[in-house]
file upload.cif (mmCIF, C-alpha atoms and all ligand atoms)
data_final
loop_
_atom_site.group_PDB
_atom_site.id
_atom_site.type_symbol
_atom_site.label_atom_id
_atom_site.label_comp_id
_atom_site.auth_asym_id
_atom_site.auth_seq_id
_atom_site.Cartn_x
_atom_site.Cartn_y
_atom_site.Cartn_z
ATOM 1 C CA MET A 17 56.363 143.476 103.030
ATOM 2 C CA ASN A 18 53.346 142.813 100.850
ATOM 3 C CA LYS A 19 51.195 139.691 100.946
ATOM 4 C CA ILE A 20 52.775 138.133 97.851
ATOM 5 C CA GLU A 21 56.226 138.442 99.435
ATOM 6 C CA ILE A 22 55.038 136.913 102.696
ATOM 7 C CA PHE A 23 53.345 134.019 100.874
ATOM 8 C CA SER A 24 56.512 133.382 98.930
ATOM 9 C CA GLN A 25 58.586 133.410 102.156
ATOM 10 C CA MET A 26 56.155 130.906 103.664
ATOM 11 C CA GLU A 27 56.493 128.672 100.619
ATOM 12 C CA ARG A 28 60.302 128.981 100.802
ATOM 13 C CA SER A 29 60.395 128.107 104.518
ATOM 14 C CA ILE A 30 58.695 124.780 103.800
ATOM 15 C CA ILE A 31 60.866 123.996 100.765
ATOM 16 C CA ASP A 32 64.019 124.784 102.771
ATOM 17 C CA GLY A 33 62.797 122.828 105.772
ATOM 18 C CA ASN A 34 63.301 125.892 107.951
ATOM 19 C CA LYS A 35 61.021 125.222 110.922
ATOM 20 C CA GLN A 36 61.936 128.357 112.874
ATOM 21 C CA GLU A 37 61.150 130.541 109.891
ATOM 22 C CA ALA A 38 57.859 128.715 109.180
ATOM 23 C CA GLU A 39 56.771 129.186 112.794
ATOM 24 C CA LYS A 40 57.837 132.828 112.779
ATOM 25 C CA LEU A 41 55.819 133.491 109.616
ATOM 26 C CA ALA A 42 52.753 131.681 110.990
ATOM 27 C CA LYS A 43 52.877 133.869 114.105
ATOM 28 C CA TYR A 44 53.401 136.960 111.960
ATOM 29 C CA ALA A 45 50.229 136.086 110.006
ATOM 30 C CA ILE A 46 48.191 135.840 113.206
ATOM 31 C CA GLU A 47 49.639 139.005 114.731
ATOM 32 C CA ASN A 48 48.913 140.926 111.540
ATOM 33 C CA ASN A 49 45.362 139.616 111.212
ATOM 34 C CA MET A 50 46.006 138.018 107.848
ATOM 35 C CA GLU A 51 43.229 135.826 106.453
ATOM 36 C CA LEU A 52 44.415 132.440 107.701
ATOM 37 C CA THR A 53 42.701 130.299 105.085
ATOM 38 C CA LYS A 54 44.584 132.293 102.416
ATOM 39 C CA VAL A 55 47.827 132.047 104.391
ATOM 40 C CA ILE A 56 47.519 128.257 104.387
ATOM 41 C CA GLU A 57 46.318 127.913 100.796
ATOM 42 C CA LYS A 58 48.633 130.437 99.159
ATOM 43 C CA GLY A 59 51.613 130.418 101.518
ATOM 44 C CA PHE A 60 52.306 127.061 103.134
ATOM 45 C CA VAL A 61 50.470 124.518 100.944
ATOM 46 C CA PRO A 62 52.320 125.529 97.719
ATOM 47 C CA GLY A 63 55.550 124.902 99.661
ATOM 48 C CA ILE A 64 54.750 121.286 100.516
ATOM 49 C CA GLN A 65 53.410 120.765 96.978
ATOM 50 C CA LYS A 66 56.718 121.990 95.556
ATOM 51 C CA VAL A 67 58.506 119.555 97.875
ATOM 52 C CA GLY A 68 56.404 116.740 96.382
ATOM 53 C CA GLN A 69 57.491 117.814 92.890
ATOM 54 C CA LEU A 70 61.164 117.930 93.903
ATOM 55 C CA TRP A 71 60.819 114.421 95.324
ATOM 56 C CA GLU A 72 59.182 113.237 92.096
ATOM 57 C CA LYS A 73 62.092 114.686 90.095
ATOM 58 C CA GLY A 74 64.540 112.870 92.366
ATOM 59 C CA GLU A 75 65.995 116.146 93.679
ATOM 60 C CA TYR A 76 64.642 115.594 97.193
ATOM 61 C CA PHE A 77 64.881 112.364 99.178
ATOM 62 C CA LEU A 78 62.942 111.052 102.170
ATOM 63 C CA PRO A 79 64.879 113.039 104.822
ATOM 64 C CA GLU A 80 64.055 116.328 103.034
ATOM 65 C CA LEU A 81 60.433 115.240 102.645
ATOM 66 C CA ILE A 82 60.236 114.499 106.371
ATOM 67 C CA THR A 83 61.906 117.785 107.366
ATOM 68 C CA SER A 84 59.559 119.805 105.153
ATOM 69 C CA ALA A 85 56.522 117.897 106.437
ATOM 70 C CA GLU A 86 57.614 118.684 110.008
ATOM 71 C CA CYS A 87 57.886 122.387 109.139
ATOM 72 C CA MET A 88 54.435 122.279 107.608
ATOM 73 C CA LYS A 89 53.052 120.637 110.741
ATOM 74 C CA ALA A 90 54.790 123.189 112.971
ATOM 75 C CA ALA A 91 53.232 126.080 111.041
ATOM 76 C CA MET A 92 49.835 124.372 111.046
ATOM 77 C CA ALA A 93 50.071 123.737 114.801
ATOM 78 C CA ILE A 94 50.210 127.511 115.257
ATOM 79 C CA LEU A 95 47.531 128.349 112.676
ATOM 80 C CA GLN A 96 44.939 125.633 113.318
ATOM 81 C CA PRO A 97 43.882 126.559 116.890
ATOM 82 C CA GLU A 98 43.576 130.176 115.816
ATOM 83 C CA LEU A 99 41.511 129.181 112.790
ATOM 84 C CA GLU A 100 39.160 127.174 114.983
ATOM 85 C CA ARG A 101 39.030 129.914 117.622
ATOM 86 C CA CYS A 102 37.828 132.432 115.019
ATOM 87 C CA GLN A 103 35.014 130.054 114.140
ATOM 88 C CA ILE A 104 33.219 131.485 111.151
ATOM 89 C CA SER A 105 29.910 129.841 112.040
ATOM 90 C CA THR A 106 28.255 129.024 115.343
ATOM 91 C CA LYS A 107 25.502 126.895 113.839
ATOM 92 C CA SER A 108 26.088 123.113 113.842
ATOM 93 C CA TYR A 109 25.832 121.804 110.294
ATOM 94 C CA GLY A 110 26.352 118.184 111.215
ATOM 95 C CA LYS A 111 28.623 115.581 112.724
ATOM 96 C CA ILE A 112 31.709 114.377 110.931
ATOM 97 C CA VAL A 113 34.016 111.432 111.438
ATOM 98 C CA ILE A 114 37.269 112.021 109.602
ATOM 99 C CA GLY A 115 40.576 110.197 109.268
ATOM 100 C CA THR A 116 43.263 108.953 106.925
ATOM 101 C CA VAL A 117 42.623 105.362 105.918
ATOM 102 C CA GLU A 118 44.665 102.448 107.178
ATOM 103 C CA GLY A 119 48.161 102.005 105.775
ATOM 104 C CA ASP A 120 48.497 105.742 105.172
ATOM 105 C CA ILE A 121 50.229 108.107 107.577
ATOM 106 C CA HIS A 122 49.772 111.344 105.596
ATOM 107 C CA ASP A 123 47.720 113.685 107.732
ATOM 108 C CA ILE A 124 48.566 117.285 106.806
ATOM 109 C CA GLY A 125 45.723 117.616 104.292
ATOM 110 C CA LYS A 126 43.285 115.695 106.467
ATOM 111 C CA ASN A 127 44.066 117.995 109.412
ATOM 112 C CA LEU A 128 43.421 120.975 107.201
ATOM 113 C CA VAL A 129 40.044 119.622 106.094
ATOM 114 C CA ALA A 130 39.143 118.841 109.732
ATOM 115 C CA SER A 131 40.063 122.370 110.876
ATOM 116 C CA MET A 132 38.218 124.042 108.048
ATOM 117 C CA LEU A 133 35.086 121.990 108.716
ATOM 118 C CA SER A 134 35.309 122.729 112.398
ATOM 119 C CA ALA A 135 35.785 126.452 111.744
ATOM 120 C CA ASN A 136 32.716 126.369 109.524
ATOM 121 C CA GLY A 137 30.366 124.871 112.064
ATOM 122 C CA PHE A 138 30.700 121.100 111.683
ATOM 123 C CA GLU A 139 31.241 118.938 114.769
ATOM 124 C CA VAL A 140 34.381 117.007 113.944
ATOM 125 C CA VAL A 141 35.670 113.761 115.406
ATOM 126 C CA ASP A 142 39.172 113.260 114.035
ATOM 127 C CA LEU A 143 40.334 109.659 114.282
ATOM 128 C CA GLY A 144 43.857 110.517 113.100
ATOM 129 C CA ALA A 145 45.899 108.712 110.472
ATOM 130 C CA ASP A 146 46.317 105.032 109.603
ATOM 131 C CA VAL A 147 42.793 104.333 110.849
ATOM 132 C CA LYS A 148 41.271 100.863 110.570
ATOM 133 C CA LEU A 149 38.201 100.918 108.353
ATOM 134 C CA ASP A 150 36.020 99.304 111.038
ATOM 135 C CA LYS A 151 36.812 102.173 113.360
ATOM 136 C CA PHE A 152 35.292 104.746 110.984
ATOM 137 C CA ILE A 153 32.042 102.817 110.919
ATOM 138 C CA GLU A 154 31.967 102.160 114.682
ATOM 139 C CA LYS A 155 32.536 105.835 115.471
ATOM 140 C CA ALA A 156 29.988 106.995 112.887
ATOM 141 C CA LYS A 157 27.377 104.703 114.459
ATOM 142 C CA GLU A 158 28.307 105.785 117.973
ATOM 143 C CA ILE A 159 27.884 109.517 117.340
ATOM 144 C CA ASN A 160 25.204 109.147 114.665
ATOM 145 C CA ALA A 161 27.410 110.975 112.164
ATOM 146 C CA ASP A 162 26.165 112.761 109.076
ATOM 147 C CA PHE A 163 29.426 112.224 107.204
ATOM 148 C CA ILE A 164 32.373 109.872 107.085
ATOM 149 C CA CYS A 165 35.345 111.692 105.516
ATOM 150 C CA LEU A 166 38.171 109.559 104.198
ATOM 151 C CA SER A 167 41.570 110.904 103.252
ATOM 152 C CA ALA A 168 44.065 108.872 101.189
ATOM 153 C CA LEU A 169 47.363 110.094 99.742
ATOM 154 C CA LEU A 170 48.637 106.857 98.249
ATOM 155 C CA THR A 171 47.276 105.083 95.200
ATOM 156 C CA THR A 172 47.362 101.886 97.277
ATOM 157 C CA THR A 173 45.379 103.288 100.214
ATOM 158 C CA MET A 174 42.748 104.871 97.957
ATOM 159 C CA LEU A 175 41.411 101.339 97.760
ATOM 160 C CA GLY A 176 40.503 101.662 101.441
ATOM 161 C CA GLN A 177 37.922 104.285 100.463
ATOM 162 C CA LYS A 178 36.329 101.831 98.048
ATOM 163 C CA ARG A 179 36.461 99.051 100.630
ATOM 164 C CA LEU A 180 34.773 101.190 103.285
ATOM 165 C CA ILE A 181 31.827 101.816 100.971
ATOM 166 C CA GLU A 182 31.600 98.084 100.277
ATOM 167 C CA MET A 183 31.611 97.461 104.032
ATOM 168 C CA LEU A 184 28.772 99.933 104.502
ATOM 169 C CA LYS A 185 26.803 98.066 101.835
ATOM 170 C CA GLU A 186 27.512 94.700 103.496
ATOM 171 C CA LYS A 187 26.288 96.080 106.835
ATOM 172 C CA ASN A 188 23.181 97.676 105.287
ATOM 173 C CA LEU A 189 24.511 101.089 106.301
ATOM 174 C CA TYR A 190 25.038 102.487 102.789
ATOM 175 C CA GLY A 191 23.104 105.746 102.615
ATOM 176 C CA LYS A 192 22.956 106.133 106.395
ATOM 177 C CA PHE A 193 26.193 108.130 106.456
ATOM 178 C CA ARG A 194 27.268 110.282 103.526
ATOM 179 C CA VAL A 195 30.811 109.429 102.456
ATOM 180 C CA MET A 196 33.253 112.139 101.343
ATOM 181 C CA VAL A 197 36.580 111.178 99.807
ATOM 182 C CA GLY A 198 39.690 113.215 99.110
ATOM 183 C CA GLY A 199 43.468 113.259 98.936
ATOM 184 C CA ALA A 200 45.987 114.037 96.201
ATOM 185 C CA PRO A 201 45.418 110.932 94.005
ATOM 186 C CA VAL A 202 41.628 111.045 94.372
ATOM 187 C CA ASN A 203 39.347 112.698 91.809
ATOM 188 C CA ARG A 204 35.667 113.098 91.067
ATOM 189 C CA LYS A 205 35.548 110.115 88.730
ATOM 190 C CA TRP A 206 37.006 107.838 91.393
ATOM 191 C CA ALA A 207 34.472 109.135 93.906
ATOM 192 C CA GLU A 208 31.625 108.406 91.485
ATOM 193 C CA ASP A 209 32.989 104.998 90.513
ATOM 194 C CA ILE A 210 33.190 103.787 94.112
ATOM 195 C CA GLY A 211 29.789 105.219 95.079
ATOM 196 C CA ALA A 212 30.971 108.009 97.382
ATOM 197 C CA ASP A 213 28.558 110.867 97.989
ATOM 198 C CA GLY A 214 31.094 113.589 97.444
ATOM 199 C CA TYR A 215 34.606 114.609 96.580
ATOM 200 C CA ALA A 216 36.482 117.860 97.053
ATOM 201 C CA GLU A 217 39.946 118.818 95.911
ATOM 202 C CA ASN A 218 40.727 121.013 98.883
ATOM 203 C CA ALA A 219 39.562 121.942 102.359
ATOM 204 C CA MET A 220 37.520 124.996 101.407
ATOM 205 C CA ALA A 221 35.779 123.133 98.604
ATOM 206 C CA ALA A 222 35.009 120.313 101.068
ATOM 207 C CA VAL A 223 33.030 122.708 103.261
ATOM 208 C CA GLN A 224 30.981 123.888 100.295
ATOM 209 C CA VAL A 225 30.343 120.419 98.855
ATOM 210 C CA MET A 226 29.246 119.116 102.242
ATOM 211 C CA LYS A 227 26.898 122.011 102.901
ATOM 212 C CA ASN A 228 25.390 121.432 99.448
ATOM 213 C CA LEU A 229 24.947 117.729 100.161
ATOM 214 C CA LEU A 230 23.114 118.534 103.391
ATOM 215 C CA ASN A 231 20.766 120.876 101.544
ATOM 216 C CA ASN A 232 19.861 118.230 98.952
HETATM 217 C C1 LIG B 1 54.449 115.432 103.115
HETATM 218 C C2 LIG B 1 54.483 114.094 102.427
HETATM 219 C C3 LIG B 1 54.881 112.992 103.186
HETATM 220 C C4 LIG B 1 55.150 113.078 104.709
HETATM 221 C C5 LIG B 1 53.775 113.003 105.429
HETATM 222 C C6 LIG B 1 53.762 113.745 106.740
HETATM 223 C C7 LIG B 1 52.386 113.836 107.301
HETATM 224 N N1 LIG B 1 52.309 113.754 108.617
HETATM 225 O O1 LIG B 1 51.387 113.963 106.627
HETATM 226 C C8 LIG B 1 56.029 111.811 104.925
HETATM 227 C C9 LIG B 1 57.475 112.210 104.735
HETATM 228 C C10 LIG B 1 55.883 111.116 106.281
HETATM 229 C C11 LIG B 1 55.594 110.942 103.746
HETATM 230 C C12 LIG B 1 55.722 109.587 103.711
HETATM 231 C C13 LIG B 1 55.483 108.811 102.587
HETATM 232 N N2 LIG B 1 55.134 109.271 101.351
HETATM 233 CO CO1 LIG B 1 54.535 111.073 101.018
HETATM 234 N N3 LIG B 1 54.186 112.804 100.428
HETATM 235 C C14 LIG B 1 54.135 113.947 101.047
HETATM 236 C C15 LIG B 1 53.797 115.078 100.019
HETATM 237 C C16 LIG B 1 55.109 115.748 99.616
HETATM 238 C C17 LIG B 1 52.858 116.156 100.476
HETATM 239 C C18 LIG B 1 51.512 115.676 101.046
HETATM 240 C C19 LIG B 1 50.855 116.863 101.697
HETATM 241 O O2 LIG B 1 50.904 117.027 102.909
HETATM 242 N N4 LIG B 1 50.299 117.789 100.866
HETATM 243 C C20 LIG B 1 49.731 119.055 101.336
HETATM 244 C C21 LIG B 1 48.266 118.849 101.722
HETATM 245 C C22 LIG B 1 47.685 120.172 102.204
HETATM 246 O O3 LIG B 1 47.597 118.424 100.566
HETATM 247 P P1 LIG B 1 46.759 117.056 100.495
HETATM 248 O O4 LIG B 1 47.297 116.081 101.471
HETATM 249 O O5 LIG B 1 46.636 116.652 99.093
HETATM 250 O O6 LIG B 1 45.325 117.491 101.064
HETATM 251 C C23 LIG B 1 44.463 118.400 100.407
HETATM 252 C C24 LIG B 1 43.522 117.734 99.397
HETATM 253 O O7 LIG B 1 44.009 116.540 98.844
HETATM 254 C C25 LIG B 1 42.231 117.580 100.127
HETATM 255 N N5 LIG B 1 41.996 116.411 100.981
HETATM 256 C C26 LIG B 1 42.866 115.637 101.650
HETATM 257 N N6 LIG B 1 42.231 114.710 102.357
HETATM 258 C C27 LIG B 1 40.919 114.875 102.159
HETATM 259 C C28 LIG B 1 39.808 114.182 102.646
HETATM 260 C C29 LIG B 1 38.542 114.570 102.259
HETATM 261 C C30 LIG B 1 37.367 113.831 102.771
HETATM 262 C C31 LIG B 1 38.379 115.654 101.344
HETATM 263 C C32 LIG B 1 37.035 116.040 100.912
HETATM 264 C C33 LIG B 1 39.487 116.346 100.860
HETATM 265 C C34 LIG B 1 40.739 115.966 101.274
HETATM 266 O O8 LIG B 1 42.210 118.725 100.954
HETATM 267 C C35 LIG B 1 43.524 118.919 101.485
HETATM 268 C C36 LIG B 1 43.716 120.334 101.898
HETATM 269 O O9 LIG B 1 43.487 121.256 100.866
HETATM 270 C C37 LIG B 1 53.170 114.235 98.864
HETATM 271 C C38 LIG B 1 53.225 114.873 97.477
HETATM 272 C C39 LIG B 1 51.848 115.191 96.925
HETATM 273 N N7 LIG B 1 51.814 115.524 95.663
HETATM 274 O O10 LIG B 1 50.833 115.100 97.563
HETATM 275 C C40 LIG B 1 53.934 112.917 98.996
HETATM 276 C C41 LIG B 1 53.308 111.619 98.478
HETATM 277 C C42 LIG B 1 51.831 111.555 98.820
HETATM 278 N N8 LIG B 1 54.036 110.602 99.254
HETATM 279 C C43 LIG B 1 54.318 109.543 98.552
HETATM 280 C C44 LIG B 1 54.992 108.401 99.049
HETATM 281 C C45 LIG B 1 55.336 107.333 98.036
HETATM 282 C C46 LIG B 1 55.302 108.273 100.413
HETATM 283 C C47 LIG B 1 55.957 107.067 101.101
HETATM 284 C C48 LIG B 1 55.455 105.687 100.645
HETATM 285 C C49 LIG B 1 57.480 107.223 100.918
HETATM 286 C C50 LIG B 1 58.319 106.076 101.397
HETATM 287 N N9 LIG B 1 59.003 105.487 100.430
HETATM 288 O O11 LIG B 1 58.334 105.742 102.532
HETATM 289 C C51 LIG B 1 55.617 107.347 102.589
HETATM 290 C C52 LIG B 1 54.217 106.749 102.943
HETATM 291 C C53 LIG B 1 54.145 106.094 104.240
HETATM 292 C C54 LIG B 1 52.702 105.681 104.533
HETATM 293 N N10 LIG B 1 52.485 104.408 104.769
HETATM 294 O O12 LIG B 1 51.779 106.483 104.499
HETATM 295 C C55 LIG B 1 53.812 109.671 97.109
HETATM 296 C C56 LIG B 1 52.576 108.815 96.824
HETATM 297 C C57 LIG B 1 52.669 108.155 95.465
HETATM 298 C C58 LIG B 1 51.514 107.289 95.157
HETATM 299 N N11 LIG B 1 51.189 107.296 93.895
HETATM 300 O O13 LIG B 1 50.930 106.614 95.931
HETATM 301 C C59 LIG B 1 53.612 111.224 96.970
HETATM 302 C C60 LIG B 1 52.506 111.629 95.992
HETATM 303 C C61 LIG B 1 54.968 111.792 96.517
HETATM 304 C C62 LIG B 1 55.307 111.433 95.078
HETATM 305 N N12 LIG B 1 55.094 112.328 94.166
HETATM 306 O O14 LIG B 1 55.733 110.348 94.795
HETATM 307 N N13 LIG B 1 55.071 111.709 102.737
#

call {"tool": "encode", "arguments": {"input": "upload.cif", "output": "structure tokens"}}
result
Amino acid sequence: MNKIEIFSQMERSIIDGNKQEAEKLAKYAIENNMELTKVIEKGFVPGIQKVGQLWEKGEYFLPELITSAECMKAAMAILQPELERCQISTKSYGKIVIGTVEGDIHDIGKNLVASMLSANGFEVVDLGADVKLDKFIEKAKEINADFICLSALLTTTMLGQKRLIEMLKEKNLYGKFRVMVGGAPVNRKWAEDIGADGYAENAMAAVQVMKNLLNN
């Protein structure tokens, strides 16, 4: 089987909600020393994106969405520890507090960003999903973080990113922690409009943008 075929089977396993198959393919990737960032980006992520499109078209409903998300999480649960174990960098680039903002339970993308940052030498404190905005600030102060990373997948919860920056301004903490924003509905313009320090459209880009911000 060539890589393209394996990627397409991975994509299919998520679309079909076939957890056993997704787990089998994730293990296959590890056993065969495939490049795991590519496996995630080109195999599994396109699957969950396709599921989103099917839901938008009204062909998939919430139960299918949930089943596919569970498959995605099952595959990621196998890949993430391995990704972090094969840490690409041993140098510490900085401390990160990351989470999905309150009201939002989507955490697949956030987990991916957290793993990729961790594998690339950032010290990551992951607060999870549906995180109260105060908690991001408290934790960032406690560990003297370099970055607060906010994930939002809903147009409603994106507003939490804006609110957090306002809260930092109110507490005279704006500029103390760099703020990175991301998530499917977020874009560069939004990041600029709300006064975030950075935006990235995916986990690999996040690593690069954050390293660049630290160098400036
Ligand atoms: C899987 C999924 C779910 C799963 C989530 C499971 C989980 N544990 O995460 C379940 C089934 C639970 C779910 C629930 C809901 N969902 Co949903 N879901 C999705 C779906 C299909 C995929 C999201 C995903 O995992 N993508 C794959 C990951 C890898 O991509 P990602 O999250 O975008 O992350 C990448 C980048 O954005 C970026 N990134 C992400 N975070 C960050 C943070 C930083 C700092 C940076 C730099 C980068 C970054 O890097 C990531 C990795 O490359 C999307 C469709 C879509 N187009 O996104 C809908 C979607 C987000 N859901 C949607 C909706 C409406 C809901 C519900 C309200 C449905 C309902 N009626 O109950 C609930 C929300 C409940 C809540 N309060 O949060 C809508 C949102 C619409 C909107 N405009 O707001 C979408 C867009 C579907 C649609 N097309 O309508 N959902």

call {"tool": "atom_distance", "arguments": {"input": "upload.cif", "atom1": "atom CA of Leu95 of chain A", "atom2": "atom CA of Gly115 of chain A"}}
result
19.7 Å

call {"tool": "closest_residue", "arguments": {"input": "upload.cif", "among": "A:Leu230, A:Ile159, A:Val61, A:Ile114", "to": "Lys126 of chain A", "atoms": "only C-alpha atoms"}}
result
A:Ile114

call {"tool": "resolve_selection", "arguments": {"input": "upload.cif", "expression": "the PyMOL selection byres (((chain A and resi 48-60) around 9) and not hetatm)", "output": "PyMOL selection string"}}
result
chain A and resi 19-20+22-30+38+42-47+61-65+88+91-92+95-96+98-99+128+132+220

call {"tool": "closest_atom_pairs", "arguments": {"input": "upload.cif", "of": "chain A", "to": "ligand LIG 1 (chain B)", "cutoff": "6 Å", "atoms": "all atoms listed in the file", "output": "JSON lines"}}
result
{"residue": "A:Val61", "atom": "CA", "partner": "B:LIG1", "partner_atom": "C22", "distance": 5.3}
{"residue": "A:Ile64", "atom": "CA", "partner": "B:LIG1", "partner_atom": "C17", "distance": 5.5}
{"residue": "A:Gln65", "atom": "CA", "partner": "B:LIG1", "partner_atom": "N7", "distance": 5.6}
{"residue": "A:Val67", "atom": "CA", "partner": "B:LIG1", "partner_atom": "C16", "distance": 5.4}
{"residue": "A:Gly68", "atom": "CA", "partner": "B:LIG1", "partner_atom": "C16", "distance": 3.6}
{"residue": "A:Glu72", "atom": "CA", "partner": "B:LIG1", "partner_atom": "N12", "distance": 4.7}
{"residue": "A:Leu81", "atom": "CA", "partner": "B:LIG1", "partner_atom": "C9", "distance": 4.7}
{"residue": "A:Ile82", "atom": "CA", "partner": "B:LIG1", "partner_atom": "C9", "distance": 3.9}
{"residue": "A:Ala85", "atom": "CA", "partner": "B:LIG1", "partner_atom": "C1", "distance": 4.6}
{"residue": "A:Gly119", "atom": "CA", "partner": "B:LIG1", "partner_atom": "N10", "distance": 5.0}
{"residue": "A:Asp120", "atom": "CA", "partner": "B:LIG1", "partner_atom": "O12", "distance": 3.4}
{"residue": "A:Ile121", "atom": "CA", "partner": "B:LIG1", "partner_atom": "O12", "distance": 3.8}
{"residue": "A:His122", "atom": "CA", "partner": "B:LIG1", "partner_atom": "O1", "distance": 3.2}
{"residue": "A:Asp123", "atom": "CA", "partner": "B:LIG1", "partner_atom": "O1", "distance": 3.8}
{"residue": "A:Ile124", "atom": "CA", "partner": "B:LIG1", "partner_atom": "O1", "distance": 4.4}
{"residue": "A:Gly125", "atom": "CA", "partner": "B:LIG1", "partner_atom": "O6", "distance": 3.3}
{"residue": "A:Lys126", "atom": "CA", "partner": "B:LIG1", "partner_atom": "N6", "distance": 4.4}
{"residue": "A:Leu128", "atom": "CA", "partner": "B:LIG1", "partner_atom": "C36", "distance": 5.3}
{"residue": "A:Val129", "atom": "CA", "partner": "B:LIG1", "partner_atom": "C36", "distance": 5.6}
{"residue": "A:Cys165", "atom": "CA", "partner": "B:LIG1", "partner_atom": "C30", "distance": 4.0}
{"residue": "A:Leu166", "atom": "CA", "partner": "B:LIG1", "partner_atom": "C30", "distance": 4.6}
{"residue": "A:Ser167", "atom": "CA", "partner": "B:LIG1", "partner_atom": "C28", "distance": 3.8}
{"residue": "A:Leu169", "atom": "CA", "partner": "B:LIG1", "partner_atom": "C42", "distance": 4.8}
{"residue": "A:Leu170", "atom": "CA", "partner": "B:LIG1", "partner_atom": "O13", "distance": 3.3}
{"residue": "A:Thr171", "atom": "CA", "partner": "B:LIG1", "partner_atom": "O13", "distance": 4.0}
{"residue": "A:Met196", "atom": "CA", "partner": "B:LIG1", "partner_atom": "C30", "distance": 4.7}
{"residue": "A:Val197", "atom": "CA", "partner": "B:LIG1", "partner_atom": "C30", "distance": 4.1}
{"residue": "A:Gly198", "atom": "CA", "partner": "B:LIG1", "partner_atom": "C31", "distance": 3.6}
{"residue": "A:Gly199", "atom": "CA", "partner": "B:LIG1", "partner_atom": "O7", "distance": 3.3}
{"residue": "A:Ala200", "atom": "CA", "partner": "B:LIG1", "partner_atom": "O5", "distance": 4.0}
{"residue": "A:Tyr215", "atom": "CA", "partner": "B:LIG1", "partner_atom": "C32", "distance": 5.2}
{"residue": "A:Ala216", "atom": "CA", "partner": "B:LIG1", "partner_atom": "C32", "distance": 4.3}
{"residue": "A:Glu217", "atom": "CA", "partner": "B:LIG1", "partner_atom": "C25", "distance": 5.0}
{"residue": "A:Asn218", "atom": "CA", "partner": "B:LIG1", "partner_atom": "O9", "distance": 3.4}
{"residue": "A:Ala219", "atom": "CA", "partner": "B:LIG1", "partner_atom": "O9", "distance": 4.3}
{"residue": "A:Ala222", "atom": "CA", "partner": "B:LIG1", "partner_atom": "C32", "distance": 4.7}

call {"tool": "atom_distance", "arguments": {"input": "upload.cif", "atom1": "atom CA of Lys227 of chain A", "atom2": "atom CA of Cys102 of chain A"}}
result
19.4 Å

call {"tool": "closest_residue", "arguments": {"input": "upload.cif", "among": "A:Thr116, A:Ser108, A:Asn160, A:Ser131", "to": "Lys148 of chain A", "atoms": "only C-alpha atoms"}}
result
A:Thr116

call {"tool": "closest_residue", "arguments": {"input": "upload.cif", "among": "A:Trp206, A:Phe193, A:Tyr109, A:Phe163", "to": "Asn136 of chain A", "atoms": "only C-alpha atoms"}}
result
A:Tyr109

call {"tool": "closest_residue", "arguments": {"input": "upload.cif", "among": "A:Gly211, A:Glu154, A:Val147, A:Phe77", "to": "Lys187 of chain A", "atoms": "all atoms listed in the file"}}
result
A:Glu154

call {"tool": "atom_distance", "arguments": {"input": "upload.cif", "atom1": "atom CA of Pro201 of chain A", "atom2": "atom CA of Gln69 of chain A"}}
result
13.9 Å

call {"tool": "closest_residue", "arguments": {"input": "upload.cif", "among": "A:Leu133, A:Leu149, A:Ala161, A:Val113", "to": "Gly176 of chain A", "atoms": "only C-alpha atoms"}}
result
A:Leu149

call {"tool": "closest_residue", "arguments": {"input": "upload.cif", "among": "A:Ala135, A:Glu118, A:Ala130, A:Gly191", "to": "Arg179 of chain A", "atoms": "only C-alpha atoms"}}
result
A:Glu118

call {"tool": "resolve_selection", "arguments": {"input": "upload.cif", "expression": "the PyMOL selection byres (((chain A and resi 35) around 9) and not hetatm)", "output": "mmCIF file with C-alpha atoms, in the frame of the given file"}}
result
data_model
loop_
_atom_site.group_PDB
_atom_site.id
_atom_site.type_symbol
_atom_site.label_atom_id
_atom_site.label_comp_id
_atom_site.auth_asym_id
_atom_site.auth_seq_id
_atom_site.Cartn_x
_atom_site.Cartn_y
_atom_site.Cartn_z
ATOM 1 C CA SER A 29 60.395 128.107 104.518
ATOM 2 C CA ILE A 30 58.695 124.780 103.800
ATOM 3 C CA ASP A 32 64.019 124.784 102.771
ATOM 4 C CA GLY A 33 62.797 122.828 105.772
ATOM 5 C CA ASN A 34 63.301 125.892 107.951
ATOM 6 C CA GLN A 36 61.936 128.357 112.874
ATOM 7 C CA GLU A 37 61.150 130.541 109.891
ATOM 8 C CA ALA A 38 57.859 128.715 109.180
ATOM 9 C CA GLU A 39 56.771 129.186 112.794
ATOM 10 C CA LYS A 40 57.837 132.828 112.779
ATOM 11 C CA THR A 83 61.906 117.785 107.366
ATOM 12 C CA SER A 84 59.559 119.805 105.153
ATOM 13 C CA GLU A 86 57.614 118.684 110.008
ATOM 14 C CA CYS A 87 57.886 122.387 109.139
ATOM 15 C CA MET A 88 54.435 122.279 107.608
ATOM 16 C CA ALA A 90 54.790 123.189 112.971
ATOM 17 C CA ALA A 91 53.232 126.080 111.041
#

call {"tool": "resolve_selection", "arguments": {"input": "upload.cif", "expression": "the PyMOL selection byres (((chain A and resi 210) around 8) and not hetatm)", "output": "list in words"}}
result
Gln177, Lys178, Ile181, Trp206, Ala207, Glu208, Asp209, Gly211 and Ala212 of chain A
